[in-house]
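As stored in upload15.cif (mmCIF, C-alpha atoms and all ligand atoms):
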```cif
data_model
loop_
_atom_site.label_atom_id
_atom_site.label_comp_id
_atom_site.auth_asym_id
_atom_site.auth_seq_id
_atom_site.Cartn_x
_atom_site.Cartn_y
_atom_site.Cartn_z
CA MET A 1 61.21 106.43 66.68
CA LYS A 2 57.45 106.29 66.34
CA VAL A 3 56.17 106.11 62.75
CA LEU A 4 52.69 107.37 61.91
CA VAL A 5 50.90 106.08 58.81
CA PRO A 6 47.69 107.83 57.70
CA ILE A 7 45.50 105.42 55.72
CA LYS A 8 42.32 106.12 53.78
CA ARG A 9 39.39 103.87 52.94
CA VAL A 10 38.44 104.27 49.28
CA ILE A 11 36.41 102.48 46.60
CA ASP A 12 38.23 99.25 45.69
CA ALA A 13 40.52 99.83 42.69
CA ASN A 14 38.74 97.06 40.71
CA VAL A 15 35.27 98.60 41.02
CA GLN A 16 33.77 100.56 38.12
CA VAL A 17 32.91 103.92 39.72
CA ARG A 18 29.43 105.37 39.02
CA VAL A 19 28.30 108.97 39.42
CA LYS A 20 25.22 109.56 41.64
CA ALA A 21 22.03 110.47 39.81
CA ASP A 22 21.99 113.95 41.41
CA GLN A 23 25.65 114.55 40.32
CA SER A 24 26.66 115.40 43.88
CA GLY A 25 29.43 112.78 43.99
CA VAL A 26 30.13 109.12 43.27
CA GLU A 27 27.89 106.24 44.38
CA LEU A 28 29.20 104.63 47.59
CA THR A 29 26.14 102.57 48.57
CA ASN A 30 26.82 98.81 48.38
CA VAL A 31 30.18 99.45 46.74
CA LYS A 32 33.23 97.38 47.74
CA MET A 33 35.72 99.50 49.67
CA ALA A 34 39.38 98.83 50.50
CA MET A 35 42.51 100.49 51.81
CA ASN A 36 43.91 102.98 49.29
CA PRO A 37 46.68 101.05 47.43
CA PHE A 38 49.34 103.72 48.09
CA CYS A 39 48.47 103.59 51.81
CA GLU A 40 49.12 99.82 51.78
CA ILE A 41 52.62 100.56 50.47
CA ALA A 42 53.09 103.11 53.28
CA VAL A 43 52.00 100.58 55.93
CA GLU A 44 54.32 97.94 54.44
CA GLN A 45 57.26 100.35 54.60
CA ALA A 46 56.61 101.28 58.23
CA VAL A 47 56.22 97.61 59.23
CA ARG A 48 59.53 96.80 57.49
CA MET A 49 61.16 99.62 59.51
CA LYS A 50 59.80 98.07 62.71
CA GLU A 51 61.11 94.64 61.66
CA ALA A 52 64.51 96.18 60.89
CA GLY A 53 64.58 97.86 64.33
CA THR A 54 64.53 101.46 62.99
CA ALA A 55 60.95 102.10 64.15
CA THR A 56 59.82 101.43 67.70
CA GLU A 57 56.09 101.62 67.02
CA VAL A 58 53.85 101.89 63.96
CA VAL A 59 50.64 103.84 64.55
CA LEU A 60 47.94 103.98 61.85
CA VAL A 61 45.50 106.92 61.60
CA SER A 62 42.33 106.99 59.56
CA VAL A 63 39.92 109.90 59.25
CA GLY A 64 36.50 108.68 58.24
CA ASN A 65 33.21 107.11 59.24
CA GLN A 66 32.76 103.98 61.39
CA SER A 67 33.91 101.72 58.53
CA ALA A 68 37.38 103.28 58.72
CA GLN A 69 37.90 100.89 61.65
CA GLU A 70 37.82 97.94 59.20
CA THR A 71 40.59 99.59 57.20
CA LEU A 72 42.57 100.16 60.38
CA ARG A 73 42.15 96.46 61.27
CA ALA A 74 43.45 95.52 57.81
CA GLY A 75 46.58 97.61 58.44
CA LEU A 76 46.98 96.18 61.94
CA ALA A 77 46.85 92.68 60.40
CA MET A 78 49.81 93.68 58.19
CA GLY A 79 51.84 94.27 61.37
CA ALA A 80 51.14 97.81 62.62
CA ASP A 81 50.86 98.16 66.42
CA ARG A 82 47.79 100.29 67.01
CA GLY A 83 45.25 102.55 65.37
CA VAL A 84 43.77 106.02 65.80
CA HIS A 85 40.32 106.61 64.34
CA VAL A 86 39.32 110.24 63.82
CA GLN A 87 35.56 109.94 63.42
CA THR A 88 33.66 111.98 60.86
CA ASP A 89 30.77 111.21 58.54
CA ASP A 90 31.93 113.86 56.05
CA ASP A 91 34.39 113.29 53.22
CA LEU A 92 36.87 115.92 54.35
CA GLU A 93 39.06 117.92 51.98
CA PRO A 94 42.87 117.47 52.14
CA LEU A 95 43.49 120.63 54.21
CA ALA A 96 41.08 119.45 56.93
CA VAL A 97 42.65 115.97 56.94
CA ALA A 98 46.15 117.51 57.11
CA LYS A 99 45.12 119.68 60.11
CA LEU A 100 43.74 116.62 61.92
CA LEU A 101 46.89 114.63 61.12
CA LYS A 102 49.04 117.48 62.46
CA ALA A 103 47.15 117.30 65.76
CA VAL A 104 47.63 113.50 65.92
CA VAL A 105 51.36 113.76 65.04
CA GLU A 106 51.84 116.25 67.90
CA LYS A 107 49.78 114.19 70.35
CA GLU A 108 51.67 111.01 69.48
CA GLU A 109 55.09 112.74 69.25
CA ALA A 110 55.83 110.82 66.06
CA GLY A 111 59.24 111.21 64.38
CA LEU A 112 58.25 110.23 60.84
CA VAL A 113 54.99 110.22 58.86
CA VAL A 114 54.63 107.93 55.85
CA LEU A 115 51.60 108.58 53.61
CA GLY A 116 50.41 107.38 50.23
CA LYS A 117 51.33 109.76 47.40
CA GLN A 118 47.62 110.07 46.61
CA ALA A 119 44.25 108.58 47.42
CA ILE A 120 42.75 107.01 44.29
CA ASP A 121 39.28 108.45 44.98
CA GLY A 122 39.93 112.18 44.59
CA ASP A 123 43.50 111.81 43.19
CA ASN A 124 44.26 114.92 45.21
CA ASN A 125 47.95 114.31 45.94
CA GLN A 126 47.88 117.10 48.54
CA THR A 127 47.59 115.78 52.09
CA GLY A 128 51.28 114.90 52.66
CA GLN A 129 52.50 118.20 51.25
CA MET A 130 50.00 120.20 53.33
CA LEU A 131 50.91 118.27 56.48
CA SER A 132 54.58 119.03 55.88
CA ALA A 133 53.82 122.74 55.54
CA LEU A 134 51.60 122.82 58.64
CA LEU A 135 54.21 121.04 60.78
CA GLY A 136 57.18 122.86 59.24
CA TRP A 137 58.81 119.45 58.59
CA SER A 138 60.82 118.47 55.54
CA GLN A 139 59.12 116.39 52.85
CA GLY A 140 60.14 113.66 50.43
CA THR A 141 57.35 113.03 47.94
CA PHE A 142 56.79 110.15 45.46
CA ILE A 143 59.55 108.02 46.95
CA SER A 144 60.61 104.69 45.46
CA GLU A 145 63.53 104.07 47.86
CA MET A 146 64.41 105.20 51.38
CA GLU A 147 67.24 104.67 53.83
CA LEU A 148 67.60 106.13 57.33
CA ALA A 149 71.04 107.52 58.17
CA GLY A 150 71.10 109.18 61.61
CA ASP A 151 69.03 112.36 61.52
CA THR A 152 68.74 112.17 57.74
CA VAL A 153 66.58 110.07 55.46
CA LYS A 154 67.99 109.40 51.99
CA VAL A 155 65.19 109.08 49.47
CA THR A 156 64.87 108.42 45.76
CA ARG A 157 61.98 110.35 44.19
CA GLU A 158 60.13 109.43 41.03
CA VAL A 159 60.07 112.63 38.97
CA ASP A 160 59.10 113.25 35.34
CA GLY A 161 62.67 113.17 34.06
CA GLY A 162 63.67 110.00 35.94
CA LEU A 163 64.86 109.46 39.52
CA GLN A 164 66.01 112.16 41.92
CA LYS A 165 68.04 111.40 45.06
CA VAL A 166 67.54 113.76 48.01
CA ASP A 167 68.79 113.78 51.60
CA ILE A 168 66.09 115.02 53.96
CA LYS A 169 66.43 116.14 57.57
CA MET A 170 64.30 114.36 60.14
CA PRO A 171 61.57 114.73 61.36
CA ALA A 172 60.06 114.23 57.93
CA ILE A 173 56.98 113.56 55.86
CA LEU A 174 57.33 110.90 53.16
CA THR A 175 54.77 110.11 50.48
CA VAL A 176 55.24 106.76 48.77
CA ASP A 177 55.09 105.72 45.13
CA LEU A 178 54.25 102.37 43.56
CA ARG A 179 57.77 100.95 43.23
CA LEU A 180 58.79 101.37 46.89
CA ASN A 181 57.72 97.85 47.89
CA GLU A 182 55.13 95.15 47.39
CA PRO A 183 52.69 95.08 50.32
CA ARG A 184 52.30 91.75 52.09
CA PHE A 185 49.05 89.82 52.41
CA ALA A 186 47.94 89.48 56.02
CA SER A 187 48.11 85.90 57.31
CA LEU A 188 45.12 84.41 59.13
CA PRO A 189 46.92 84.37 62.53
CA ASN A 190 47.83 88.04 62.04
CA ILE A 191 44.21 88.89 61.13
CA MET A 192 43.14 87.23 64.40
CA LYS A 193 45.85 89.06 66.38
CA ALA A 194 44.80 92.38 64.82
CA LYS A 195 41.34 92.06 66.36
CA LYS A 196 42.91 92.55 69.79
CA LYS A 197 45.13 95.51 68.90
CA PRO A 198 43.90 98.86 70.31
CA ILE A 199 42.14 101.53 68.26
CA ASP A 200 41.62 104.94 69.94
CA ALA A 201 38.59 106.82 68.66
CA MET A 202 38.29 110.60 68.77
CA SER A 203 36.54 113.45 67.00
CA ALA A 204 37.83 116.57 65.25
CA ALA A 205 36.50 118.57 68.22
CA ASP A 206 38.54 116.40 70.64
CA LEU A 207 41.62 117.40 68.63
CA GLY A 208 40.53 121.07 68.58
CA VAL A 209 40.50 121.22 64.78
CA ASP A 210 38.07 123.22 62.63
CA VAL A 211 37.23 121.04 59.62
CA ALA A 212 34.69 123.37 58.00
CA PRO A 213 34.97 123.02 54.21
CA ARG A 214 36.74 125.69 52.15
CA LEU A 215 35.91 124.02 48.86
CA LYS A 216 32.54 123.36 47.24
CA VAL A 217 31.86 120.56 44.76
CA LEU A 218 29.64 122.04 42.06
CA LYS A 219 28.95 118.96 39.98
CA VAL A 220 30.41 115.51 39.31
CA GLU A 221 30.08 114.15 35.76
CA GLU A 222 31.06 110.97 33.93
CA PRO A 223 33.92 111.55 31.48
CA ALA A 224 32.65 112.10 27.91
CA ALA A 225 32.30 108.82 26.01
CA ARG A 226 35.14 108.34 23.52
CA ALA A 227 34.19 108.42 19.85
CA ALA A 228 34.88 105.19 17.96
CA GLY A 229 38.25 105.05 16.14
CA VAL A 230 38.85 104.30 12.45
CA LYS A 231 41.23 101.78 10.87
CA VAL A 232 43.47 103.06 8.10
CA ALA A 233 44.79 100.85 5.32
CA ASN A 234 48.27 102.35 5.06
CA VAL A 235 50.60 105.15 6.16
CA ALA A 236 49.60 107.38 3.25
CA GLU A 237 45.96 107.27 4.34
CA LEU A 238 46.98 107.97 7.98
CA VAL A 239 49.04 111.01 6.94
CA ASP A 240 46.19 112.23 4.76
CA LYS A 241 43.70 111.97 7.65
CA LEU A 242 46.06 113.69 10.09
CA LYS A 243 46.61 116.49 7.59
CA ASN A 244 43.15 117.02 6.16
CA GLU A 245 40.68 115.72 8.78
CA ALA A 246 42.38 116.15 12.16
CA LYS A 247 44.50 119.01 10.82
CA VAL A 248 47.28 118.27 13.32
CA ILE A 249 50.19 118.10 10.87
P1 LIG B 301 45.26 112.74 48.92
O1 LIG B 301 46.02 114.00 49.20
O2 LIG B 301 43.80 112.82 49.23
O3 LIG B 301 45.52 112.23 47.51
O4 LIG B 301 45.82 111.60 49.92
C1 LIG B 301 47.20 111.33 50.05
C2 LIG B 301 47.45 110.49 51.28
O5 LIG B 301 47.01 111.21 52.45
C3 LIG B 301 46.70 109.15 51.36
O6 LIG B 301 47.37 108.12 50.65
C4 LIG B 301 46.72 108.90 52.87
O7 LIG B 301 48.00 108.44 53.29
C5 LIG B 301 46.50 110.31 53.43
N1 LIG B 301 45.05 110.57 53.62
C6 LIG B 301 44.20 111.24 52.80
N2 LIG B 301 42.94 111.25 53.30
C7 LIG B 301 43.00 110.56 54.47
C8 LIG B 301 42.05 110.19 55.47
N3 LIG B 301 40.75 110.52 55.37
N4 LIG B 301 42.47 109.47 56.54
C9 LIG B 301 43.77 109.13 56.66
N5 LIG B 301 44.71 109.43 55.75
C10 LIG B 301 44.35 110.14 54.67
#
```

For the structure just supplied, provide its representation as structure tokens.
Amino acid sequence: MKVLVPIKRVIDANVQVRVKADQSGVELTNVKMAMNPFCEIAVEQAVRMKEAGTATEVVLVSVGNQSAQETLRAGLAMGADRGVHVQTDDDLEPLAVAKLLKAVVEKEEAGLVVLGKQAIDGDNNQTGQMLSALLGWSQGTFISEMELAGDTVKVTREVDGGLQKVDIKMPAILTVDLRLNEPRFASLPNIMKAKKKPIDAMSAADLGVDVAPRLKVLKVEEPAARAAGVKVANVAELVDKLKNEAKVI
């Protein structure tokens, strides 16, 4: 079974994000970028499936500008077999990405798609679910465990109330949560090997997909600065403040 892993290049999780002066988005110039952390977990899971013999090939897909190829190389160095780069200079919305991914899934005849549960730039948490709907495939979201059993995949989902176990029919879309695994660091020999692995480049037009935006960003703002807190001397003072100042009790 061929496993497809969509990976996104985002601002590195350790970078303090700044809003552009014209409020049209966040500043990306000279900012350190990296693979979205949840996508790293997805790549790790697919590579483990290949090592266990349950996946025959792991194909990475990234939709983005030329730099997306660096992110694909990083995933190839973790052990994936090859990459697909869907070239675009626009930051596409989840529906457009899901439509492109659907076209790649069909072209590649993949049997399973493993995505991150969300990309930490827009925190959308939509692409996997939309892809599942477009393909008509079953979905297991926010998974922290998975096990293949014939034409079923048994997953444990992280939900508000705790953990939920679900059996899902293949072919399926899985979106991964933090506790699924700990992604490996790529070794130097594997980084060298990854340079020779193939990456196919194509455009949205090659895939016959209309990626025209349906959404419009009106304005991006910094969150309001938090007011300084106060220290109270004792419980009585705290209760008094909650009652008479904050008026919450
Ligand atoms: P989102 O719905 O934007 O929070 O993203 C969820 C997941 O969808 C990510 O972790 C990726 O696996 C995938 N994804 C989102 N955008 C892209 C993209 N531009 N290229 C490849 N995969 C993407």

Report as CSV: every residue of chain A with an atom at most 6 Å from ligand LIG 301 (chain B), its closest pair of atoms, and their distance in Å to one decimal, counting only C-alpha atoms and all ligand atoms, with rows sorted by chain and ascending residue number.
```
residue,atom,partner,partner_atom,distance
A:Pro6,CA,B:LIG301,N5,3.9
A:Ile7,CA,B:LIG301,N5,4.1
A:Lys8,CA,B:LIG301,N4,4.3
A:Phe38,CA,B:LIG301,O6,5.5
A:Cys39,CA,B:LIG301,O6,4.8
A:Val61,CA,B:LIG301,C9,5.7
A:Ser62,CA,B:LIG301,C9,3.9
A:Val63,CA,B:LIG301,N4,3.7
A:Gly64,CA,B:LIG301,N3,5.4
A:Pro94,CA,B:LIG301,O1,5.5
A:Val97,CA,B:LIG301,C7,6.0
A:Leu115,CA,B:LIG301,O7,3.6
A:Gly116,CA,B:LIG301,O6,3.2
A:Lys117,CA,B:LIG301,C1,5.2
A:Gln118,CA,B:LIG301,O3,3.1
A:Ala119,CA,B:LIG301,O3,3.9
A:Asp123,CA,B:LIG301,O3,4.8
A:Asn124,CA,B:LIG301,O3,3.8
A:Asn125,CA,B:LIG301,O3,3.6
A:Gln126,CA,B:LIG301,O1,3.7
A:Thr127,CA,B:LIG301,O1,3.7
A:Gly128,CA,B:LIG301,O5,5.6
```

Interatomic distance, atom CA of Phe142 of chain A to atom CA of Thr175 of chain A (Å, one decimal) |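 A separation of 5.4 Å between them.
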
Which segment 102-121 of chain A residues have any atom within 12 Å of an atom of segment 52-55 of chain A, and for each, what is the nearest pair of atoms with distance in Å to one decimal, counting all atoms listed in the file, rows sorted by chain and number, as JSON lines?
```
{"residue": "A:Ala110", "atom": "CA", "partner": "A:Ala55", "partner_atom": "CA", "distance": 10.3}
{"residue": "A:Gly111", "atom": "CA", "partner": "A:Ala55", "partner_atom": "CA", "distance": 9.3}
{"residue": "A:Leu112", "atom": "CA", "partner": "A:Ala55", "partner_atom": "CA", "distance": 9.2}
{"residue": "A:Val113", "atom": "CA", "partner": "A:Ala55", "partner_atom": "CA", "distance": 11.4}
{"residue": "A:Val114", "atom": "CA", "partner": "A:Ala55", "partner_atom": "CA", "distance": 12.0}
```

Would you mind exporting C-alpha atoms of the selected residues as a compact mmCIF listing (two decimals), in the frame of the given file?
```txt
# COMPACT_ATOMS: atom_id res chain seq x y z
CA ALA A 110 55.83 110.82 66.06
CA GLY A 111 59.24 111.21 64.38
CA LEU A 112 58.25 110.23 60.84
CA VAL A 113 54.99 110.22 58.86
CA VAL A 114 54.63 107.93 55.85
```

At most 12 Å is the cut-off: for each residue in segment 66-97 of chain A with any atom that close to an atom of segment 177-198 of chain A, write down the nearest atom pair and the distance in Å rounded to one decimal, counting only C-alpha atoms, chain first then increasing number, as a Markdown table.
```
| residue | atom | partner | partner_atom | distance |
| --- | --- | --- | --- | --- |
| A:Gln69 | CA | A:Lys195 | CA | 10.6 |
| A:Glu70 | CA | A:Lys195 | CA | 9.9 |
| A:Thr71 | CA | A:Ala194 | CA | 11.3 |
| A:Leu72 | CA | A:Ala194 | CA | 9.2 |
| A:Arg73 | CA | A:Ala194 | CA | 6.0 |
| A:Ala74 | CA | A:Ile191 | CA | 7.5 |
| A:Gly75 | CA | A:Ala194 | CA | 8.4 |
| A:Leu76 | CA | A:Ala194 | CA | 5.2 |
| A:Ala77 | CA | A:Ile191 | CA | 4.7 |
| A:Met78 | CA | A:Ala186 | CA | 5.1 |
| A:Gly79 | CA | A:Asn190 | CA | 7.4 |
| A:Ala80 | CA | A:Ala194 | CA | 8.6 |
| A:Asp81 | CA | A:Lys197 | CA | 6.8 |
| A:Arg82 | CA | A:Pro198 | CA | 5.3 |
| A:Gly83 | CA | A:Pro198 | CA | 6.3 |
| A:Val84 | CA | A:Pro198 | CA | 8.5 |
| A:His85 | CA | A:Pro198 | CA | 10.4 |
```

Writer output for current selection, C-alpha atoms, as a PDB file, keeping the file's coordinate frame:
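Output (result.pdb):
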```
ATOM      1  CA  GLN A  69      37.900 100.890  61.650  1.00  0.00           C
ATOM      2  CA  GLU A  70      37.820  97.940  59.200  1.00  0.00           C
ATOM      3  CA  THR A  71      40.590  99.590  57.200  1.00  0.00           C
ATOM      4  CA  LEU A  72      42.570 100.160  60.380  1.00  0.00           C
ATOM      5  CA  ARG A  73      42.150  96.460  61.270  1.00  0.00           C
ATOM      6  CA  ALA A  74      43.450  95.520  57.810  1.00  0.00           C
ATOM      7  CA  GLY A  75      46.580  97.610  58.440  1.00  0.00           C
ATOM      8  CA  LEU A  76      46.980  96.180  61.940  1.00  0.00           C
ATOM      9  CA  ALA A  77      46.850  92.680  60.400  1.00  0.00           C
ATOM     10  CA  MET A  78      49.810  93.680  58.190  1.00  0.00           C
ATOM     11  CA  GLY A  79      51.840  94.270  61.370  1.00  0.00           C
ATOM     12  CA  ALA A  80      51.140  97.810  62.620  1.00  0.00           C
ATOM     13  CA  ASP A  81      50.860  98.160  66.420  1.00  0.00           C
ATOM     14  CA  ARG A  82      47.790 100.290  67.010  1.00  0.00           C
ATOM     15  CA  GLY A  83      45.250 102.550  65.370  1.00  0.00           C
ATOM     16  CA  VAL A  84      43.770 106.020  65.800  1.00  0.00           C
ATOM     17  CA  HIS A  85      40.320 106.610  64.340  1.00  0.00           C
TER      18      HIS A  85
END
```

Set up a box along x, y and z of the file covering all listed atoms of segment 12-23 of chain A, add 4 Å on every one of the six sides, and write the centre and edge lengths in Å to one decimal, as JSON.
```
{"center_x": 31.3, "center_y": 105.8, "center_z": 41.9, "size_x": 26.5, "size_y": 25.5, "size_z": 15.6}
```

Hey, which of A:Val159, A:Met202, A:Leu101, A:Leu60 ends up closest to Gln87 of chain A? Count only C-alpha atoms.
-> A:Met202

For segment 170-174 of chain A, please output as a PyMOL selection string all residues within 12 Å (counting all atoms listed in the file; exclusion window: fewer than 5 positions along the same chain).
-> chain A and resi 1-6+38-39+41-43+45-46+98+101-102+105-106+109-118+127-157+180

Restricting the calculation to all atoms listed in the file, which member of A:Ala224, A:Ala68, A:Met49, A:Ile168 is positioned closest to Met33 of chain A?
-> A:Ala68

Determine, counting all atoms listed in the file, which protein, DNA and RNA residues have an atom within 12 Å of an atom of Asn30 of chain A; residues of the same chain fewer than 6 positions away are not included. Present the result as a list in words.
->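 Surrounding residues, per the criterion: Ile11, Asp12, Val15, Val17 and Arg18 of chain A.
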
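Atom pair atom CA of Ala96 of chain A / atom CA of Asp210 of chain A has a distance of 7.5 Å (rounded to one decimal).
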
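Atom pair atom CA of Glu27 of chain A / atom CA of Val220 of chain A: separated by 10.9 Å.
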
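Taking all atoms listed in the file into account, the polymer residues that have an atom no farther than 12 Å from (31.8, 107.3, 41.3) are Val10, Ile11, Asp12, Ala13, Val15, Gln16, Val17, Arg18, Val19, Lys20, Ala21, Asp22, Gln23, Ser24, Gly25, Val26, Glu27, Leu28, Thr29, Val31, Lys32, Ile120, Asp121, Gly122, Val220, Glu221, Glu222 and Pro223 of chain A.
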
Expected file: the selected residues, C-alpha atoms, as a PDB file, in the coordinates of the input:
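Full text of selection.pdb as output:
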```
ATOM      1  CA  VAL A  10      38.440 104.270  49.280  1.00  0.00           C
ATOM      2  CA  ILE A  11      36.410 102.480  46.600  1.00  0.00           C
ATOM      3  CA  ASP A  12      38.230  99.250  45.690  1.00  0.00           C
ATOM      4  CA  ALA A  13      40.520  99.830  42.690  1.00  0.00           C
ATOM      5  CA  VAL A  15      35.270  98.600  41.020  1.00  0.00           C
ATOM      6  CA  GLN A  16      33.770 100.560  38.120  1.00  0.00           C
ATOM      7  CA  VAL A  17      32.910 103.920  39.720  1.00  0.00           C
ATOM      8  CA  ARG A  18      29.430 105.370  39.020  1.00  0.00           C
ATOM      9  CA  VAL A  19      28.300 108.970  39.420  1.00  0.00           C
ATOM     10  CA  LYS A  20      25.220 109.560  41.640  1.00  0.00           C
ATOM     11  CA  ALA A  21      22.030 110.470  39.810  1.00  0.00           C
ATOM     12  CA  ASP A  22      21.990 113.950  41.410  1.00  0.00           C
ATOM     13  CA  GLN A  23      25.650 114.550  40.320  1.00  0.00           C
ATOM     14  CA  SER A  24      26.660 115.400  43.880  1.00  0.00           C
ATOM     15  CA  GLY A  25      29.430 112.780  43.990  1.00  0.00           C
ATOM     16  CA  VAL A  26      30.130 109.120  43.270  1.00  0.00           C
ATOM     17  CA  GLU A  27      27.890 106.240  44.380  1.00  0.00           C
ATOM     18  CA  LEU A  28      29.200 104.630  47.590  1.00  0.00           C
ATOM     19  CA  THR A  29      26.140 102.570  48.570  1.00  0.00           C
ATOM     20  CA  VAL A  31      30.180  99.450  46.740  1.00  0.00           C
ATOM     21  CA  LYS A  32      33.230  97.380  47.740  1.00  0.00           C
ATOM     22  CA  ILE A 120      42.750 107.010  44.290  1.00  0.00           C
ATOM     23  CA  ASP A 121      39.280 108.450  44.980  1.00  0.00           C
ATOM     24  CA  GLY A 122      39.930 112.180  44.590  1.00  0.00           C
ATOM     25  CA  VAL A 220      30.410 115.510  39.310  1.00  0.00           C
ATOM     26  CA  GLU A 221      30.080 114.150  35.760  1.00  0.00           C
ATOM     27  CA  GLU A 222      31.060 110.970  33.930  1.00  0.00           C
ATOM     28  CA  PRO A 223      33.920 111.550  31.480  1.00  0.00           C
TER      29      PRO A 223
END
```
